[in-house]
Each structure stands twice: as C-alpha cells, then as structure tokens.
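J.: This structure is in structure tokens; I'll ask about it shortly.
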Amino acid sequence: MEIRASTVLPAKRENIELQTGDGLTLVGELALPHNDPVATLVCLHPLPTHGGMMDSHVMRKASYRLPALADLAVLRFNTRGTTSERGTSDGVFEDGVGERLDVAAALEYAEFHDLPHPWLLGWSFGTELALRWGRDPLVEGAILLSPPLKRATDEDLDAWATFGRPLTALVPEFDDYLRPDEAIKRFARVPQAEVVGVEGAKHLWVGEPYVRIVLTEIVKRVNPEALPLPTEV
C-alpha cells in the first residue's frame, strides 16, 4: 500500500491532558510506536489566530506515520485557547508569552511519563515558542519548520547558542516571512544551527513531496537509523 496524505499507520494513540502552571488544562494526543520509542517529538503548532492547531497537517502526518516508520513518540497538543477536533484548550491566546507555560507543561508530561529524548518540533509560531521557551535541560534539540523569526529575537538565538543543543531550521524557498538566504544570516548567531533550504516549498508545506522531505529531515536528526523512510507499507 502506498503511503498517501490520508494514510494512518498503526500506533498506540491516547488522548491526553496537560496541566499548566497557571491552572489551565490543555488537550492533546500521544501516539506511541508498538515498540519502545527511540525518541519523542513534542509538537508546537502554527499560529492559532490563523488556523494553527495540533491537527495542522505536517504534525498530524508526523503522528500518523513516524511511530510506525521511525519508532518515534509524537506528542501533539493545542496551546491555550486553541481548538481542533480533539477539543479546545483552556485559556486564551497570549501571543507567545503565556504559552511559555504550555511548553513547560508538555515537557513536564514527557518527563513524568518517561518519554525518551524529547525533541521540539515547531512550525511557524511554534518555532517562536521553541526558541523562546524550549531551552530546558530535558530537550535534546529542536527542529524548526518555516521559522519567521518575528517574536523570537536575536537575543533568543544567542541564548540558544549558549544552550548548545542542536538546532535545525527547514526553510522553504518561497516562504512568506523568512527565506533561505536571510535565514542563513540570522541563524549564523547559533554555531550549532543548520539551515536547510527546501527548493520549491512554501510556508505551509502543501503537497505530499514536501511532507516527505520534512519527515525525512526530522528522522535524519532524531533517529537516522530508520532511514530511508518507506513510501509503501
């Protein structure tokens, strides 16, 4: 069977709730491989005021495929005030400030449930959360999809440089906010950062070929032994 956009591969899936330090309940899902996970993706979704949520397509497809194909645990959740099919998280959108506690709640959940080697996977607004609030000793590294570098500043990049953990930015050739050449200049502040320009791609990574590129680049960092990812199962 060819793996298509709508393919859902086997995993142990569980609806979860995260509790924030300011008393909110965030809704989410944990997808686990049937074997012990090699590593964990903690997904930080795009801007909720522009339709971003835990079901934003790249993160949904990561949860549908990577537990089976790469032995990864995938934790997705709605940040405060965000709605998806799973439900609505408590609170209201706080422009990336109050969401600091949402990131902390997800990492606390990963630690409490012994989810191994957490990596942050941020997309657009989620990359800002990763850079600003993801510098936790538990975090192995971060993978950024379409980073706009708007809320996240040079000071946040300098702090990540000091943090020292791996950082990969996947930057679409035709991104609406930050394109590869400019991204290389901005991320030069982080010696351990790698910028990967993706030819032909746009900010939303629409199209199965681009989704496969993204998932391959994720696995290359988190569990390279699982490569190449199969296109049929």
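Naming scheme: A, B, ... for chains in displayed order of the structure tokens; residues 1 onward per chain; ligands 1 onward as shown.
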Using only C-alpha atoms, what table do you get, as CSV, when you list each residue of region 41-96 of chain A with an atom no more than 9 Å from region 24-36 of chain A, its nearest pair of atoms, and their distance in Å rounded to one decimal, rows by chain then rising number?
T.:
residue,atom,partner,partner_atom,distance
A:Met54,CA,A:Gly28,CA,7.4
A:Ser63,CA,A:Ala31,CA,6.1
A:Tyr64,CA,A:Ala31,CA,8.0
A:Leu66,CA,A:Pro33,CA,8.1
A:Pro67,CA,A:Pro33,CA,4.4
A:Ala68,CA,A:Pro33,CA,5.7
A:Leu69,CA,A:Pro33,CA,8.7
A:Ala70,CA,A:Pro33,CA,8.4
A:Asp71,CA,A:Pro33,CA,5.3
A:Leu72,CA,A:Pro33,CA,6.4
A:Ala73,CA,A:Leu32,CA,4.6
A:Val74,CA,A:Ala31,CA,5.2
A:Leu75,CA,A:Leu30,CA,4.6
A:Arg76,CA,A:Glu29,CA,5.4
A:Phe77,CA,A:Gly28,CA,3.7
A:Asn78,CA,A:Val27,CA,5.9
A:Thr79,CA,A:Leu26,CA,6.5
A:Arg80,CA,A:Leu26,CA,6.5
A:Gly81,CA,A:Leu26,CA,8.6
A:Thr82,CA,A:Leu26,CA,8.8
A:Thr83,CA,A:Val27,CA,8.9
A:Arg86,CA,A:Gly28,CA,6.9
A:Gly87,CA,A:Val27,CA,6.5
A:Thr88,CA,A:Val27,CA,6.7
A:Ser89,CA,A:Leu26,CA,4.3
A:Asp90,CA,A:Leu24,CA,5.4
A:Gly91,CA,A:Leu24,CA,6.6
J.: For region 189-197 of chain A, list every protein, DNA or RNA residue within 6 Å, evaluated using only C-alpha atoms, and leave out those in the same chain fewer than 2 positions away; present the list as a list in words.
T.: Ala161, Pro166, Leu167, Thr168, Ala169, Leu170, Val171, Pro172, Pro180 and Phe187 of chain A
J.: I need the residues of region 95-198 of chain A that end up classed as helix (DSSP H, G or I) by DSSP on the backbone, written out as a PyMOL selection string.
T.: chain A and resi 100-112+125-133+154-163+180-187
J.: Write out the residues from the selection above, keeping N, CA, C and O atoms, as a compact mmCIF listing (two decimals), in the first residue's frame.
T.:
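See again-v4.txt below for the written result:
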# COMPACT_ATOMS: atom_id res chain seq x y z
N ARG A 100 4.48 30.16 27.23
CA ARG A 100 5.68 29.61 27.88
C ARG A 100 5.29 28.48 28.84
O ARG A 100 5.98 27.45 28.92
N LEU A 101 4.18 28.66 29.54
CA LEU A 101 3.73 27.65 30.48
C LEU A 101 3.17 26.42 29.77
O LEU A 101 3.20 25.32 30.32
N ASP A 102 2.69 26.60 28.54
CA ASP A 102 2.20 25.45 27.75
C ASP A 102 3.37 24.56 27.34
O ASP A 102 3.29 23.33 27.41
N VAL A 103 4.46 25.19 26.88
CA VAL A 103 5.65 24.42 26.52
C VAL A 103 6.16 23.66 27.75
O VAL A 103 6.49 22.47 27.68
N ALA A 104 6.20 24.35 28.88
CA ALA A 104 6.68 23.71 30.11
C ALA A 104 5.80 22.53 30.51
O ALA A 104 6.29 21.49 30.95
N ALA A 105 4.47 22.68 30.32
CA ALA A 105 3.55 21.59 30.67
C ALA A 105 3.78 20.37 29.78
O ALA A 105 3.72 19.22 30.25
N ALA A 106 4.05 20.58 28.50
CA ALA A 106 4.30 19.46 27.59
C ALA A 106 5.59 18.74 27.97
O ALA A 106 5.66 17.50 27.97
N LEU A 107 6.63 19.49 28.31
CA LEU A 107 7.90 18.86 28.69
C LEU A 107 7.77 18.15 30.03
O LEU A 107 8.36 17.08 30.24
N GLU A 108 6.99 18.73 30.93
CA GLU A 108 6.74 18.06 32.21
C GLU A 108 6.02 16.73 32.00
O GLU A 108 6.34 15.73 32.65
N TYR A 109 5.05 16.73 31.09
CA TYR A 109 4.33 15.49 30.79
C TYR A 109 5.30 14.44 30.23
O TYR A 109 5.27 13.27 30.63
N ALA A 110 6.16 14.87 29.31
CA ALA A 110 7.13 13.94 28.72
C ALA A 110 8.04 13.35 29.78
O ALA A 110 8.32 12.15 29.79
N GLU A 111 8.48 14.19 30.70
CA GLU A 111 9.38 13.71 31.75
C GLU A 111 8.66 12.76 32.69
O GLU A 111 9.18 11.69 33.03
N PHE A 112 7.45 13.12 33.12
CA PHE A 112 6.71 12.31 34.08
C PHE A 112 6.35 10.94 33.51
O PHE A 112 6.29 9.95 34.24
N PHE A 125 4.66 29.81 14.14
CA PHE A 125 4.52 30.31 15.52
C PHE A 125 5.15 29.34 16.52
O PHE A 125 5.77 29.76 17.51
N GLY A 126 5.03 28.06 16.26
CA GLY A 126 5.62 27.06 17.15
C GLY A 126 7.13 27.14 17.21
O GLY A 126 7.73 26.78 18.23
N THR A 127 7.77 27.64 16.14
CA THR A 127 9.23 27.80 16.20
C THR A 127 9.61 28.91 17.16
O THR A 127 10.66 28.86 17.81
N GLU A 128 8.74 29.94 17.25
CA GLU A 128 9.00 31.03 18.18
C GLU A 128 8.92 30.52 19.62
O GLU A 128 9.74 30.89 20.47
N LEU A 129 7.92 29.66 19.88
CA LEU A 129 7.81 29.08 21.22
C LEU A 129 9.03 28.23 21.54
O LEU A 129 9.56 28.28 22.66
N ALA A 130 9.48 27.44 20.56
CA ALA A 130 10.65 26.59 20.79
C ALA A 130 11.89 27.42 21.13
O ALA A 130 12.62 27.13 22.08
N LEU A 131 12.14 28.46 20.34
CA LEU A 131 13.34 29.26 20.54
C LEU A 131 13.28 30.06 21.84
O LEU A 131 14.29 30.21 22.53
N ARG A 132 12.10 30.57 22.17
CA ARG A 132 11.98 31.43 23.35
C ARG A 132 11.89 30.64 24.65
O ARG A 132 12.47 31.04 25.66
N TRP A 133 11.15 29.52 24.61
CA TRP A 133 10.80 28.84 25.86
C TRP A 133 11.24 27.38 25.93
O TRP A 133 10.94 26.70 26.90
N ASP A 154 17.09 38.15 18.12
CA ASP A 154 18.50 37.77 18.14
C ASP A 154 18.93 37.36 19.54
O ASP A 154 19.80 36.49 19.70
N GLU A 155 18.33 37.98 20.56
CA GLU A 155 18.67 37.59 21.94
C GLU A 155 18.27 36.14 22.21
O GLU A 155 18.99 35.40 22.90
N ASP A 156 17.13 35.71 21.64
CA ASP A 156 16.72 34.31 21.80
C ASP A 156 17.68 33.37 21.06
O ASP A 156 18.00 32.29 21.56
N LEU A 157 18.14 33.79 19.90
CA LEU A 157 19.11 32.98 19.16
C LEU A 157 20.43 32.90 19.93
O LEU A 157 21.04 31.82 20.01
N ASP A 158 20.85 34.02 20.51
CA ASP A 158 22.09 33.99 21.31
C ASP A 158 21.94 33.06 22.51
O ASP A 158 22.88 32.33 22.88
N ALA A 159 20.75 33.08 23.12
CA ALA A 159 20.52 32.20 24.27
C ALA A 159 20.54 30.74 23.83
O ALA A 159 21.03 29.87 24.57
N TRP A 160 20.01 30.44 22.63
CA TRP A 160 20.07 29.05 22.15
C TRP A 160 21.50 28.66 21.85
O TRP A 160 21.92 27.53 22.10
N ALA A 161 22.28 29.59 21.34
CA ALA A 161 23.70 29.30 21.10
C ALA A 161 24.38 28.88 22.40
O ALA A 161 25.14 27.90 22.43
N THR A 162 24.09 29.60 23.47
CA THR A 162 24.66 29.25 24.77
C THR A 162 24.11 27.93 25.28
O THR A 162 24.84 27.14 25.90
N PHE A 163 22.84 27.68 25.02
CA PHE A 163 22.19 26.42 25.41
C PHE A 163 22.93 25.23 24.81
O PHE A 163 23.09 24.18 25.45
N PRO A 180 15.60 31.20 2.60
CA PRO A 180 16.87 30.57 3.00
C PRO A 180 18.06 31.50 3.13
O PRO A 180 18.81 31.39 4.11
N ASP A 181 18.29 32.39 2.19
CA ASP A 181 19.48 33.24 2.27
C ASP A 181 19.48 34.10 3.52
O ASP A 181 20.50 34.24 4.21
N GLU A 182 18.32 34.70 3.83
CA GLU A 182 18.22 35.53 5.02
C GLU A 182 18.29 34.67 6.28
O GLU A 182 18.88 35.07 7.30
N ALA A 183 17.70 33.47 6.21
CA ALA A 183 17.74 32.57 7.37
C ALA A 183 19.17 32.19 7.71
O ALA A 183 19.55 32.13 8.89
N ILE A 184 20.00 31.94 6.71
CA ILE A 184 21.40 31.59 6.95
C ILE A 184 22.10 32.72 7.71
O ILE A 184 22.88 32.49 8.65
N LYS A 185 21.80 33.97 7.33
CA LYS A 185 22.41 35.12 8.02
C LYS A 185 21.92 35.21 9.46
O LYS A 185 22.71 35.43 10.38
N ARG A 186 20.60 35.06 9.65
CA ARG A 186 20.05 35.22 11.01
C ARG A 186 20.52 34.11 11.94
O ARG A 186 20.87 34.37 13.09
N PHE A 187 20.54 32.87 11.44
CA PHE A 187 20.90 31.74 12.30
C PHE A 187 22.41 31.60 12.46
O PHE A 187 22.87 30.74 13.22
J.: Could you tell me, as number ranges by chain, which residues of region 43-213 of chain A DSSP assigns to strand (DSSP E or B) when given the backbone?
T.: A: 43-44, 72-77, 83-84, 87-88, 118-123, 141-145, 167-174, 193-202
J.: Could you dump the residues just selected with N, CA and C atoms as a compact mmCIF listing (two decimals), in the first residue's frame?
T.:
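Result saved to out_14.txt:
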# COMPACT_ATOMS: atom_id res chain seq x y z
N CYS A 43 5.37 18.53 19.67
CA CYS A 43 4.97 19.37 18.54
C CYS A 43 4.37 20.69 19.02
N LEU A 44 4.86 21.78 18.44
CA LEU A 44 4.38 23.13 18.74
C LEU A 44 3.82 23.71 17.45
N LEU A 72 9.15 6.61 16.75
CA LEU A 72 9.12 7.86 17.49
C LEU A 72 7.78 8.02 18.22
N ALA A 73 7.84 8.55 19.43
CA ALA A 73 6.63 9.01 20.11
C ALA A 73 6.34 10.42 19.62
N VAL A 74 5.07 10.72 19.37
CA VAL A 74 4.68 12.04 18.88
C VAL A 74 3.61 12.61 19.81
N LEU A 75 3.97 13.69 20.49
CA LEU A 75 3.07 14.37 21.41
C LEU A 75 2.61 15.66 20.75
N ARG A 76 1.30 15.76 20.52
CA ARG A 76 0.69 16.98 19.96
C ARG A 76 -0.30 17.54 20.96
N PHE A 77 -0.44 18.85 20.99
CA PHE A 77 -1.43 19.45 21.88
C PHE A 77 -1.81 20.82 21.36
N THR A 83 -8.42 25.46 19.37
CA THR A 83 -9.43 24.43 19.14
C THR A 83 -9.03 23.55 17.97
N SER A 84 -9.28 22.26 18.10
CA SER A 84 -9.16 21.30 17.00
C SER A 84 -10.25 20.25 17.20
N GLY A 87 -10.61 19.00 20.69
CA GLY A 87 -11.27 19.84 21.68
C GLY A 87 -10.57 21.18 21.79
N THR A 88 -10.97 21.95 22.78
CA THR A 88 -10.43 23.29 23.00
C THR A 88 -9.67 23.33 24.31
N PRO A 118 13.37 13.90 24.32
CA PRO A 118 12.42 14.83 23.68
C PRO A 118 13.12 15.84 22.75
N TRP A 119 12.58 15.96 21.56
CA TRP A 119 12.95 17.00 20.61
C TRP A 119 11.74 17.89 20.38
N LEU A 120 11.97 19.19 20.29
CA LEU A 120 10.90 20.11 19.95
C LEU A 120 10.76 20.17 18.43
N LEU A 121 9.52 20.07 17.97
CA LEU A 121 9.22 20.24 16.56
C LEU A 121 8.26 21.42 16.44
N GLY A 122 8.79 22.56 16.06
CA GLY A 122 7.96 23.75 15.94
C GLY A 122 7.71 24.11 14.50
N TRP A 123 6.53 24.65 14.26
CA TRP A 123 6.17 25.10 12.90
C TRP A 123 5.66 26.53 13.01
N GLY A 141 17.10 18.81 21.44
CA GLY A 141 17.34 19.70 20.32
C GLY A 141 16.01 20.16 19.77
N ALA A 142 16.06 20.96 18.71
CA ALA A 142 14.83 21.48 18.11
C ALA A 142 14.93 21.47 16.60
N ILE A 143 13.79 21.21 15.98
CA ILE A 143 13.65 21.26 14.53
C ILE A 143 12.56 22.28 14.23
N LEU A 144 12.91 23.28 13.42
CA LEU A 144 12.03 24.40 13.15
C LEU A 144 11.56 24.35 11.70
N LEU A 145 10.25 24.38 11.49
CA LEU A 145 9.67 24.42 10.16
C LEU A 145 9.17 25.84 9.89
N LEU A 167 20.12 22.53 16.58
CA LEU A 167 19.01 23.32 16.06
C LEU A 167 19.03 23.20 14.54
N THR A 168 17.92 22.75 13.97
CA THR A 168 17.79 22.64 12.51
C THR A 168 16.60 23.47 12.07
N ALA A 169 16.81 24.32 11.07
CA ALA A 169 15.72 25.13 10.51
C ALA A 169 15.48 24.68 9.07
N LEU A 170 14.25 24.21 8.80
CA LEU A 170 13.85 23.87 7.43
C LEU A 170 13.12 25.07 6.87
N VAL A 171 13.72 25.69 5.85
CA VAL A 171 13.24 26.97 5.36
C VAL A 171 12.80 26.84 3.90
N PRO A 172 11.51 27.08 3.62
CA PRO A 172 11.02 26.97 2.24
C PRO A 172 11.64 28.03 1.33
N GLU A 173 11.89 27.64 0.09
CA GLU A 173 12.44 28.58 -0.90
C GLU A 173 11.53 29.80 -1.06
N PHE A 174 10.22 29.57 -1.02
CA PHE A 174 9.26 30.65 -1.26
C PHE A 174 8.47 30.99 0.01
N ALA A 193 23.64 25.65 14.70
CA ALA A 193 22.43 25.63 13.89
C ALA A 193 22.74 25.21 12.45
N GLU A 194 21.79 24.49 11.89
CA GLU A 194 21.87 24.10 10.48
C GLU A 194 20.61 24.60 9.78
N VAL A 195 20.80 25.33 8.68
CA VAL A 195 19.68 25.81 7.88
C VAL A 195 19.59 24.97 6.61
N VAL A 196 18.42 24.36 6.40
CA VAL A 196 18.19 23.53 5.23
C VAL A 196 17.15 24.23 4.35
N GLY A 197 17.57 24.76 3.23
CA GLY A 197 16.64 25.36 2.28
C GLY A 197 15.95 24.27 1.48
N VAL A 198 14.65 24.40 1.30
CA VAL A 198 13.88 23.37 0.58
C VAL A 198 13.34 23.97 -0.70
N GLU A 199 13.89 23.52 -1.80
CA GLU A 199 13.55 24.07 -3.11
C GLU A 199 12.08 23.86 -3.43
N GLY A 200 11.44 24.91 -3.88
CA GLY A 200 10.05 24.84 -4.34
C GLY A 200 9.01 24.91 -3.24
N ALA A 201 9.43 24.77 -1.99
CA ALA A 201 8.45 24.72 -0.89
C ALA A 201 7.96 26.10 -0.52
N LYS A 202 6.76 26.14 0.10
CA LYS A 202 6.18 27.36 0.64
C LYS A 202 5.94 27.18 2.14
